[in-house]
Amino acid sequence: MNAIIIAAGSGRRISEDVKLIPKSLINVNGKPIINYQIEILKQFGIHDITVITGKFSDKFDIKNINYVYDAKHEQHDILGSLMEARQFLKNDILVMYSDIIFDSKVIEEILNSNSDISLAVDLNWKNNYVDRSDHPESEAENVLLDSNNNILQIKKNIQNEDYDVAEFLGITKFSNLGCEVFIKTYDDAIKKYNNSFHEAMSISKAYLTDMIQELIDCKIGVTPVFISGKWCEIDTLQDLRNAEKNF
């Protein structure tokens with residue numbers, strides 16, 4: 001099992017004090033976010049870790065890590081950053097955002113999935129938005145589930161009273177076949193879409209969630225993994241303070 005951490009973004013939304021460092025290197029109780037992630041990955045024997053960096057790539061000095069510099073980080077978004085490291089997108093692999101902290105149970109739960117493409121999702125996600133006025137529920141990356149727990153839709157701010165709505169944590173598990181399918185579907189989408197791409201203005205400005213929606217629309221199986229472990233996203237100063245209380 002390998003891992004890719006998409007870490008090309010900065011922390012400018014959190015504070016002026018950290019706008020010149022990668023968001024993943026912001027300290028939570030004296031330890032960078034990415035260090036929390038790497039320590040837990042290594043607990044599960046995941047040592048082949050690739051970190052995708054952007055504007056502040058020189059700030060990273062973690063040993064025994066593969067680094068991929070995304071020279072186009074200002075031209076595209078998360079999906080484009082991930083595809084800059086497509087040569088590492090193979091075998092069994094976890095792909096994750098760099099601004100989340102989670103406990104070991106979250107990783108244990110998604111590693112137990114035998115599906116080719118699995119998403120870590122939280123059905124109790126609204127609990128994470130209590131006292132979170134700077135990052136409201138409307139900004140959550142939601143997944144819409146039918147009565148058989150099939151993912152119908154993934155995007156921000158899904159409103160539906162008929163089916164369950166969960167939140168995507170930003171952790172995806174691929175098998176080797178899942179990686180191959182993902183890359184092929186991406187390459188096909190590059191040829192197919194000239195303008196908007198799902199919720200994005202273009203495929204170059206797309207999020208990972210836009211690509212996952214493309215998989216779903218192409219009838220490619222994407223399996224939800226319902227996590228019960230503790231986790232949080234750090235996108236604002238308020239989020240950072242909440243993370244310091246919980247971790």
# chains A, B, ... in the order shown; residues from 1 in each chain; ligands from 1
$ residues_around --residues "range 84-87 of chain A" --least-positions-apart "5" --cutoff "10 Å" --atoms "only C-alpha atoms" --output "ChimeraX atom specification"
/A:4,6,50-52,67-73,79,179,183
$ residues_around --residues "Tyr36 in chain A" --least-positions-apart "3" --cutoff "12 Å" --atoms "only C-alpha atoms" --output "ChimeraX atom specification"
/A:24-33,39-43,98-104,231-232,243,247
$ write_last_selection --atoms "C-alpha atoms" --output "PDB file, in the first residue's frame"
ATOM      1  CA  SER A  24      -0.037  21.011   5.309  1.00  0.00           C
ATOM      2  CA  LEU A  25       2.884  22.448   7.313  1.00  0.00           C
ATOM      3  CA  ILE A  26       0.701  24.518   9.631  1.00  0.00           C
ATOM      4  CA  ASN A  27       1.255  23.419  13.225  1.00  0.00           C
ATOM      5  CA  VAL A  28      -1.497  21.841  15.294  1.00  0.00           C
ATOM      6  CA  ASN A  29      -0.300  21.757  18.897  1.00  0.00           C
ATOM      7  CA  GLY A  30       3.290  22.079  17.757  1.00  0.00           C
ATOM      8  CA  LYS A  31       3.204  19.468  14.975  1.00  0.00           C
ATOM      9  CA  PRO A  32       2.522  20.030  11.257  1.00  0.00           C
ATOM     10  CA  ILE A  33      -0.704  18.615   9.839  1.00  0.00           C
ATOM     11  CA  GLU A  39       2.763   9.022  11.353  1.00  0.00           C
ATOM     12  CA  ILE A  40      -0.584   7.252  11.057  1.00  0.00           C
ATOM     13  CA  LEU A  41       0.173   5.963   7.564  1.00  0.00           C
ATOM     14  CA  LYS A  42       3.406   4.452   8.852  1.00  0.00           C
ATOM     15  CA  GLN A  43       1.505   2.767  11.693  1.00  0.00           C
ATOM     16  CA  SER A  98      -3.280  17.575   3.023  1.00  0.00           C
ATOM     17  CA  ASP A  99      -5.533  19.702   5.252  1.00  0.00           C
ATOM     18  CA  ILE A 100      -7.212  16.919   7.237  1.00  0.00           C
ATOM     19  CA  ILE A 101      -6.288  15.319  10.538  1.00  0.00           C
ATOM     20  CA  PHE A 102      -7.676  11.911  11.421  1.00  0.00           C
ATOM     21  CA  ASP A 103      -7.162   9.118  13.908  1.00  0.00           C
ATOM     22  CA  SER A 104      -5.916   5.627  13.067  1.00  0.00           C
ATOM     23  CA  TRP A 231     -11.277  13.570  11.917  1.00  0.00           C
ATOM     24  CA  CYS A 232     -11.371  17.246  11.047  1.00  0.00           C
ATOM     25  CA  ALA A 243      -8.337  20.884  15.730  1.00  0.00           C
ATOM     26  CA  PHE A 247      -5.965  16.526  18.608  1.00  0.00           C
TER      27      PHE A 247
END
$ residues_around --residues "Ile171 in chain A" --least-positions-apart "5" --cutoff "8 Å" --atoms "only C-alpha atoms" --output "list in words"
Leu94, Val95, Met96, Tyr97, Leu119 and Ala120 of chain A
$ residues_around --residues "Val181 in chain A" --least-positions-apart "6" --cutoff "10 Å" --atoms "only C-alpha atoms" --output "list in words"
Asp116, Ile117, Phe174, Ser175, Asp187, Leu215 and Ile220 of chain A
$ residues_around --residues "range 237-240 of chain A" --least-positions-apart "2" --cutoff "10 Å" --atoms "only C-alpha atoms" --output "PyMOL selection string"
chain A and resi 11-15+26-29+128-129+131-135+232-235+242-246
$ write_last_selection --atoms "C-alpha atoms" --output "short mmCIF file (atom, residue, chain, number, x, y, z; two decimals), in the first residue's frame"
data_model
loop_
_atom_site.label_atom_id
_atom_site.label_comp_id
_atom_site.auth_asym_id
_atom_site.auth_seq_id
_atom_site.Cartn_x
_atom_site.Cartn_y
_atom_site.Cartn_z
CA GLY A 11 -2.82 28.47 4.25
CA ARG A 12 -3.74 32.02 3.26
CA ARG A 13 -7.39 31.58 4.28
CA ILE A 14 -6.36 30.57 7.80
CA SER A 15 -4.20 33.53 8.76
CA ILE A 26 0.70 24.52 9.63
CA ASN A 27 1.26 23.42 13.22
CA VAL A 28 -1.50 21.84 15.29
CA ASN A 29 -0.30 21.76 18.90
CA ASN A 128 -18.31 18.85 12.64
CA TYR A 129 -20.08 22.09 11.74
CA ASP A 131 -19.54 26.34 16.17
CA ARG A 132 -17.95 26.51 12.72
CA SER A 133 -19.36 29.76 11.40
CA ASP A 134 -16.33 30.55 9.22
CA HIS A 135 -16.75 27.32 7.27
CA CYS A 232 -11.37 17.25 11.05
CA GLU A 233 -10.60 19.54 8.14
CA ILE A 234 -8.49 22.66 8.68
CA ASP A 235 -9.47 25.43 6.31
CA ASN A 242 -11.00 23.33 16.91
CA ALA A 243 -8.34 20.88 15.73
CA GLU A 244 -6.07 21.94 18.58
CA LYS A 245 -8.85 21.06 21.03
CA ASN A 246 -9.49 17.64 19.48
#
$ select_by_dssp --residues "range 115-215 of chain A" --states "alpha helix (DSSP H)" --output "CSV table (one decimal) with C-alpha atoms, in the first residue's frame"
chain,number,residue,atom,x,y,z
A,176,ASN,CA,-4.2,-1.1,-9.1
A,177,LEU,CA,-7.2,-1.6,-11.4
A,178,GLY,CA,-9.0,1.4,-9.8
A,179,CYS,CA,-5.9,3.5,-10.7
A,180,GLU,CA,-5.9,2.3,-14.3
A,181,VAL,CA,-9.6,3.1,-14.6
A,182,PHE,CA,-9.3,6.5,-13.0
A,183,ILE,CA,-6.4,7.5,-15.3
A,184,LYS,CA,-8.2,6.2,-18.5
A,185,THR,CA,-11.4,8.0,-17.6
A,186,TYR,CA,-9.4,11.2,-16.9
A,187,ASP,CA,-7.6,11.0,-20.3
A,188,ASP,CA,-11.0,10.4,-22.0
A,189,ALA,CA,-12.4,13.4,-20.2
A,190,ILE,CA,-9.6,15.6,-21.4
A,191,LYS,CA,-10.6,14.8,-25.0
A,192,LYS,CA,-14.3,15.0,-24.3
A,208,LEU,CA,-11.1,15.6,-7.3
A,209,THR,CA,-14.8,15.4,-6.6
A,210,ASP,CA,-15.6,16.5,-10.2
A,211,MET,CA,-13.5,13.5,-11.5
A,212,ILE,CA,-15.3,11.2,-9.1
A,213,GLN,CA,-18.6,12.4,-10.4
A,214,GLU,CA,-17.4,11.6,-13.9
A,215,LEU,CA,-16.6,8.0,-12.8
$ residues_around --residues "Lys156 in chain A" --least-positions-apart "6" --cutoff "9 Å" --atoms "only C-alpha atoms" --output "list in words"
Glu137, Ser138, Glu139, Ala140, Glu141, Asn142, Val143, Glu199 and Thr209 of chain A
$ atom_distance --atom1 "CA of Asn160 in chain A" --atom2 "CA of Cys218 in chain A"
22.4 Å
$ atom_distance --atom1 "CA of Phe60 in chain A" --atom2 "CA of Gln37 in chain A"
14.5 Å
$ closest_residue --among "A:Glu108, A:Val222, A:Thr53, A:Leu123" --to "Asn150 in chain A" --atoms "only C-alpha atoms"
A:Val222
$ atom_distance --atom1 "CA of Ala7 in chain A" --atom2 "CA of Ser81 in chain A"
8.6 Å
$ select_by_dssp --residues "range 30-193 of chain A" --states "strand (DSSP E or B)" --output "ChimeraX atom specification"
/A:31-32,48-53,66-69,93-97,100-102,117-122,141-145,151-156,164-174
$ write_last_selection --atoms "N, CA and C atoms" --output "short mmCIF file (atom, residue, chain, number, x, y, z; two decimals), in the first residue's frame"
data_model
loop_
_atom_site.label_atom_id
_atom_site.label_comp_id
_atom_site.auth_asym_id
_atom_site.auth_seq_id
_atom_site.Cartn_x
_atom_site.Cartn_y
_atom_site.Cartn_z
N LYS A 31 2.82 20.46 15.99
CA LYS A 31 3.20 19.47 14.98
C LYS A 31 2.47 19.76 13.67
N PRO A 32 3.17 19.75 12.54
CA PRO A 32 2.52 20.03 11.26
C PRO A 32 1.43 19.01 10.92
N ASP A 48 5.78 4.12 1.48
CA ASP A 48 6.01 4.71 0.16
C ASP A 48 5.00 5.84 -0.01
N ILE A 49 5.41 7.04 0.35
CA ILE A 49 4.51 8.21 0.40
C ILE A 49 5.02 9.28 -0.56
N THR A 50 4.13 9.76 -1.40
CA THR A 50 4.45 10.83 -2.34
C THR A 50 3.68 12.09 -1.95
N VAL A 51 4.38 13.20 -1.85
CA VAL A 51 3.77 14.48 -1.51
C VAL A 51 3.86 15.40 -2.72
N ILE A 52 2.70 15.91 -3.15
CA ILE A 52 2.65 16.84 -4.28
C ILE A 52 2.74 18.25 -3.72
N THR A 53 3.76 18.98 -4.10
CA THR A 53 4.00 20.32 -3.57
C THR A 53 3.73 21.38 -4.63
N ASN A 66 8.78 10.78 -1.26
CA ASN A 66 8.86 11.19 -2.66
C ASN A 66 8.18 12.55 -2.82
N TYR A 67 8.81 13.46 -3.52
CA TYR A 67 8.21 14.76 -3.76
C TYR A 67 7.98 14.96 -5.26
N VAL A 68 6.80 15.48 -5.59
CA VAL A 68 6.49 15.86 -6.97
C VAL A 68 6.13 17.34 -6.93
N TYR A 69 6.90 18.15 -7.63
CA TYR A 69 6.62 19.58 -7.68
C TYR A 69 5.61 19.87 -8.78
N ILE A 93 -3.34 2.12 -3.35
CA ILE A 93 -2.86 3.43 -2.92
C ILE A 93 -3.97 4.25 -2.28
N LEU A 94 -3.59 5.04 -1.29
CA LEU A 94 -4.47 6.03 -0.69
C LEU A 94 -4.11 7.39 -1.27
N VAL A 95 -5.12 8.15 -1.66
CA VAL A 95 -4.94 9.53 -2.11
C VAL A 95 -5.68 10.42 -1.13
N MET A 96 -5.01 11.43 -0.60
CA MET A 96 -5.67 12.25 0.43
C MET A 96 -5.31 13.72 0.31
N TYR A 97 -6.25 14.53 0.80
CA TYR A 97 -6.00 15.96 0.93
C TYR A 97 -5.00 16.17 2.06
N ILE A 100 -6.35 17.68 6.32
CA ILE A 100 -7.21 16.92 7.24
C ILE A 100 -6.36 16.18 8.27
N ILE A 101 -6.89 16.12 9.47
CA ILE A 101 -6.29 15.32 10.54
C ILE A 101 -7.29 14.23 10.90
N PHE A 102 -6.80 13.04 11.14
CA PHE A 102 -7.68 11.91 11.42
C PHE A 102 -6.97 10.96 12.38
N ILE A 117 -12.36 1.34 -6.09
CA ILE A 117 -12.33 2.76 -5.78
C ILE A 117 -13.24 2.99 -4.58
N SER A 118 -12.69 3.46 -3.48
CA SER A 118 -13.44 3.64 -2.23
C SER A 118 -13.25 5.05 -1.71
N LEU A 119 -14.34 5.65 -1.22
CA LEU A 119 -14.29 6.99 -0.63
C LEU A 119 -14.61 6.90 0.86
N ALA A 120 -13.80 7.55 1.68
CA ALA A 120 -14.12 7.67 3.10
C ALA A 120 -15.18 8.76 3.26
N VAL A 121 -16.33 8.39 3.85
CA VAL A 121 -17.41 9.35 4.03
C VAL A 121 -17.93 9.29 5.45
N ASP A 122 -18.51 10.39 5.90
CA ASP A 122 -18.99 10.53 7.27
C ASP A 122 -20.48 10.87 7.25
N GLU A 141 -18.02 19.02 1.08
CA GLU A 141 -18.06 18.17 -0.11
C GLU A 141 -18.94 16.96 0.23
N ASN A 142 -20.16 17.03 -0.22
CA ASN A 142 -21.16 16.02 0.14
C ASN A 142 -21.23 14.88 -0.87
N VAL A 143 -21.72 13.73 -0.39
CA VAL A 143 -22.08 12.62 -1.26
C VAL A 143 -23.54 12.28 -1.00
N LEU A 144 -24.27 12.03 -2.08
CA LEU A 144 -25.68 11.64 -1.99
C LEU A 144 -25.76 10.14 -2.20
N LEU A 145 -26.43 9.45 -1.28
CA LEU A 145 -26.49 7.99 -1.28
C LEU A 145 -27.92 7.53 -1.50
N ILE A 151 -23.42 5.64 -4.35
CA ILE A 151 -23.20 7.07 -4.47
C ILE A 151 -23.81 7.57 -5.78
N LEU A 152 -24.74 8.49 -5.66
CA LEU A 152 -25.40 9.08 -6.82
C LEU A 152 -24.75 10.36 -7.27
N GLN A 153 -24.23 11.10 -6.31
CA GLN A 153 -23.71 12.43 -6.62
C GLN A 153 -22.67 12.83 -5.59
N ILE A 154 -21.70 13.61 -6.03
CA ILE A 154 -20.71 14.17 -5.12
C ILE A 154 -20.43 15.60 -5.55
N LYS A 155 -20.66 16.53 -4.64
CA LYS A 155 -20.39 17.94 -4.89
C LYS A 155 -20.63 18.70 -3.59
N LYS A 156 -20.37 19.99 -3.60
CA LYS A 156 -20.62 20.79 -2.41
C LYS A 156 -22.11 21.07 -2.25
N ASP A 164 -29.89 9.72 2.09
CA ASP A 164 -28.84 10.14 3.02
C ASP A 164 -27.80 11.00 2.32
N VAL A 165 -27.32 11.99 3.03
CA VAL A 165 -26.23 12.83 2.56
C VAL A 165 -25.08 12.71 3.56
N ALA A 166 -23.88 12.42 3.07
CA ALA A 166 -22.69 12.30 3.91
C ALA A 166 -21.66 13.32 3.44
N GLU A 167 -20.54 13.38 4.15
CA GLU A 167 -19.44 14.26 3.73
C GLU A 167 -18.24 13.42 3.34
N PHE A 168 -17.62 13.78 2.23
CA PHE A 168 -16.38 13.16 1.77
C PHE A 168 -15.22 13.74 2.57
N LEU A 169 -14.41 12.85 3.17
CA LEU A 169 -13.30 13.30 4.01
C LEU A 169 -12.13 13.85 3.22
N GLY A 170 -12.01 13.43 1.96
CA GLY A 170 -10.81 13.76 1.20
C GLY A 170 -9.81 12.63 1.21
N ILE A 171 -10.29 11.39 1.47
CA ILE A 171 -9.43 10.20 1.45
C ILE A 171 -10.06 9.19 0.50
N THR A 172 -9.30 8.78 -0.50
CA THR A 172 -9.76 7.82 -1.50
C THR A 172 -8.77 6.65 -1.55
N LYS A 173 -9.30 5.44 -1.65
CA LYS A 173 -8.46 4.25 -1.79
C LYS A 173 -8.68 3.66 -3.18
N PHE A 174 -7.58 3.41 -3.87
CA PHE A 174 -7.63 2.78 -5.19
C PHE A 174 -6.89 1.45 -5.17
#
$ decode --residues "range 34-68 of chain A" --atoms "N, CA and C atoms" --output "PDB file, in the first residue's frame"
ATOM      1  N   ILE A  34       0.732  17.559   8.174  1.00  0.00           N
ATOM      2  CA  ILE A  34       1.191  16.433   7.372  1.00  0.00           C
ATOM      3  C   ILE A  34       1.931  15.393   8.216  1.00  0.00           C
ATOM      4  N   ASN A  35       2.561  15.833   9.302  1.00  0.00           N
ATOM      5  CA  ASN A  35       3.240  14.875  10.180  1.00  0.00           C
ATOM      6  C   ASN A  35       2.249  13.953  10.874  1.00  0.00           C
ATOM      7  N   TYR A  36       1.079  14.500  11.260  1.00  0.00           N
ATOM      8  CA  TYR A  36       0.025  13.644  11.816  1.00  0.00           C
ATOM      9  C   TYR A  36      -0.343  12.569  10.802  1.00  0.00           C
ATOM     10  N   GLN A  37      -0.506  12.976   9.543  1.00  0.00           N
ATOM     11  CA  GLN A  37      -0.912  12.040   8.505  1.00  0.00           C
ATOM     12  C   GLN A  37       0.138  10.949   8.294  1.00  0.00           C
ATOM     13  N   ILE A  38       1.377  11.374   8.136  1.00  0.00           N
ATOM     14  CA  ILE A  38       2.454  10.425   7.829  1.00  0.00           C
ATOM     15  C   ILE A  38       2.659   9.441   8.970  1.00  0.00           C
ATOM     16  N   GLU A  39       2.586   9.913  10.204  1.00  0.00           N
ATOM     17  CA  GLU A  39       2.763   9.022  11.353  1.00  0.00           C
ATOM     18  C   GLU A  39       1.719   7.918  11.369  1.00  0.00           C
ATOM     19  N   ILE A  40       0.472   8.268  11.064  1.00  0.00           N
ATOM     20  CA  ILE A  40      -0.584   7.252  11.057  1.00  0.00           C
ATOM     21  C   ILE A  40      -0.419   6.313   9.872  1.00  0.00           C
ATOM     22  N   LEU A  41      -0.061   6.833   8.715  1.00  0.00           N
ATOM     23  CA  LEU A  41       0.173   5.963   7.564  1.00  0.00           C
ATOM     24  C   LEU A  41       1.257   4.935   7.884  1.00  0.00           C
ATOM     25  N   LYS A  42       2.311   5.374   8.525  1.00  0.00           N
ATOM     26  CA  LYS A  42       3.406   4.452   8.852  1.00  0.00           C
ATOM     27  C   LYS A  42       2.989   3.406   9.890  1.00  0.00           C
ATOM     28  N   GLN A  43       2.031   3.764  10.747  1.00  0.00           N
ATOM     29  CA  GLN A  43       1.505   2.767  11.693  1.00  0.00           C
ATOM     30  C   GLN A  43       0.915   1.568  10.965  1.00  0.00           C
ATOM     31  N   PHE A  44       0.421   1.799   9.746  1.00  0.00           N
ATOM     32  CA  PHE A  44      -0.186   0.732   8.955  1.00  0.00           C
ATOM     33  C   PHE A  44       0.772   0.186   7.892  1.00  0.00           C
ATOM     34  N   GLY A  45       2.047   0.466   8.070  1.00  0.00           N
ATOM     35  CA  GLY A  45       3.051  -0.067   7.160  1.00  0.00           C
ATOM     36  C   GLY A  45       3.121   0.630   5.826  1.00  0.00           C
ATOM     37  N   ILE A  46       2.554   1.841   5.736  1.00  0.00           N
ATOM     38  CA  ILE A  46       2.581   2.601   4.482  1.00  0.00           C
ATOM     39  C   ILE A  46       3.769   3.552   4.535  1.00  0.00           C
ATOM     40  N   HIS A  47       4.837   3.182   3.857  1.00  0.00           N
ATOM     41  CA  HIS A  47       6.074   3.972   3.894  1.00  0.00           C
ATOM     42  C   HIS A  47       6.393   4.618   2.562  1.00  0.00           C
ATOM     43  N   ASP A  48       5.784   4.124   1.483  1.00  0.00           N
ATOM     44  CA  ASP A  48       6.007   4.710   0.160  1.00  0.00           C
ATOM     45  C   ASP A  48       4.997   5.844  -0.011  1.00  0.00           C
ATOM     46  N   ILE A  49       5.407   7.042   0.349  1.00  0.00           N
ATOM     47  CA  ILE A  49       4.514   8.209   0.399  1.00  0.00           C
ATOM     48  C   ILE A  49       5.024   9.278  -0.556  1.00  0.00           C
ATOM     49  N   THR A  50       4.127   9.762  -1.397  1.00  0.00           N
ATOM     50  CA  THR A  50       4.448  10.832  -2.344  1.00  0.00           C
ATOM     51  C   THR A  50       3.684  12.089  -1.950  1.00  0.00           C
ATOM     52  N   VAL A  51       4.380  13.202  -1.849  1.00  0.00           N
ATOM     53  CA  VAL A  51       3.768  14.482  -1.506  1.00  0.00           C
ATOM     54  C   VAL A  51       3.861  15.403  -2.716  1.00  0.00           C
ATOM     55  N   ILE A  52       2.695  15.909  -3.147  1.00  0.00           N
ATOM     56  CA  ILE A  52       2.653  16.841  -4.276  1.00  0.00           C
ATOM     57  C   ILE A  52       2.739  18.255  -3.721  1.00  0.00           C
ATOM     58  N   THR A  53       3.764  18.978  -4.098  1.00  0.00           N
ATOM     59  CA  THR A  53       3.997  20.321  -3.565  1.00  0.00           C
ATOM     60  C   THR A  53       3.734  21.377  -4.630  1.00  0.00           C
ATOM     61  N   GLY A  54       3.610  22.631  -4.168  1.00  0.00           N
ATOM     62  CA  GLY A  54       3.347  23.738  -5.072  1.00  0.00           C
ATOM     63  C   GLY A  54       4.305  24.891  -4.840  1.00  0.00           C
ATOM     64  N   LYS A  55       3.736  26.075  -4.640  1.00  0.00           N
ATOM     65  CA  LYS A  55       4.510  27.313  -4.567  1.00  0.00           C
ATOM     66  C   LYS A  55       5.594  27.285  -3.501  1.00  0.00           C
ATOM     67  N   PHE A  56       5.325  26.669  -2.374  1.00  0.00           N
ATOM     68  CA  PHE A  56       6.281  26.699  -1.259  1.00  0.00           C
ATOM     69  C   PHE A  56       6.950  25.341  -1.074  1.00  0.00           C
ATOM     70  N   SER A  57       7.329  24.725  -2.174  1.00  0.00           N
ATOM     71  CA  SER A  57       7.918  23.384  -2.116  1.00  0.00           C
ATOM     72  C   SER A  57       9.207  23.342  -1.305  1.00  0.00           C
ATOM     73  N   ASP A  58       9.916  24.486  -1.254  1.00  0.00           N
ATOM     74  CA  ASP A  58      11.193  24.525  -0.535  1.00  0.00           C
ATOM     75  C   ASP A  58      11.010  24.422   0.976  1.00  0.00           C
ATOM     76  N   LYS A  59       9.785  24.557   1.460  1.00  0.00           N
ATOM     77  CA  LYS A  59       9.527  24.492   2.896  1.00  0.00           C
ATOM     78  C   LYS A  59       9.481  23.051   3.419  1.00  0.00           C
ATOM     79  N   PHE A  60       9.339  22.095   2.506  1.00  0.00           N
ATOM     80  CA  PHE A  60       9.241  20.695   2.925  1.00  0.00           C
ATOM     81  C   PHE A  60      10.630  20.104   3.139  1.00  0.00           C
ATOM     82  N   ASP A  61      10.836  19.468   4.290  1.00  0.00           N
ATOM     83  CA  ASP A  61      12.125  18.824   4.548  1.00  0.00           C
ATOM     84  C   ASP A  61      11.955  17.467   5.221  1.00  0.00           C
ATOM     85  N   ILE A  62      10.811  16.836   5.011  1.00  0.00           N
ATOM     86  CA  ILE A  62      10.554  15.526   5.607  1.00  0.00           C
ATOM     87  C   ILE A  62      11.387  14.488   4.869  1.00  0.00           C
ATOM     88  N   LYS A  63      12.064  13.644   5.610  1.00  0.00           N
ATOM     89  CA  LYS A  63      12.966  12.654   5.021  1.00  0.00           C
ATOM     90  C   LYS A  63      12.177  11.441   4.524  1.00  0.00           C
ATOM     91  N   ASN A  64      12.790  10.725   3.571  1.00  0.00           N
ATOM     92  CA  ASN A  64      12.274   9.448   3.058  1.00  0.00           C
ATOM     93  C   ASN A  64      10.879   9.567   2.462  1.00  0.00           C
ATOM     94  N   ILE A  65      10.644  10.680   1.765  1.00  0.00           N
ATOM     95  CA  ILE A  65       9.366  10.940   1.101  1.00  0.00           C
ATOM     96  C   ILE A  65       9.644  11.261  -0.365  1.00  0.00           C
ATOM     97  N   ASN A  66       8.779  10.784  -1.257  1.00  0.00           N
ATOM     98  CA  ASN A  66       8.862  11.189  -2.662  1.00  0.00           C
ATOM     99  C   ASN A  66       8.185  12.550  -2.817  1.00  0.00           C
ATOM    100  N   TYR A  67       8.812  13.458  -3.519  1.00  0.00           N
ATOM    101  CA  TYR A  67       8.210  14.763  -3.765  1.00  0.00           C
ATOM    102  C   TYR A  67       7.977  14.956  -5.262  1.00  0.00           C
ATOM    103  N   VAL A  68       6.802  15.476  -5.590  1.00  0.00           N
ATOM    104  CA  VAL A  68       6.488  15.857  -6.965  1.00  0.00           C
ATOM    105  C   VAL A  68       6.133  17.342  -6.932  1.00  0.00           C
TER     106      VAL A  68
END
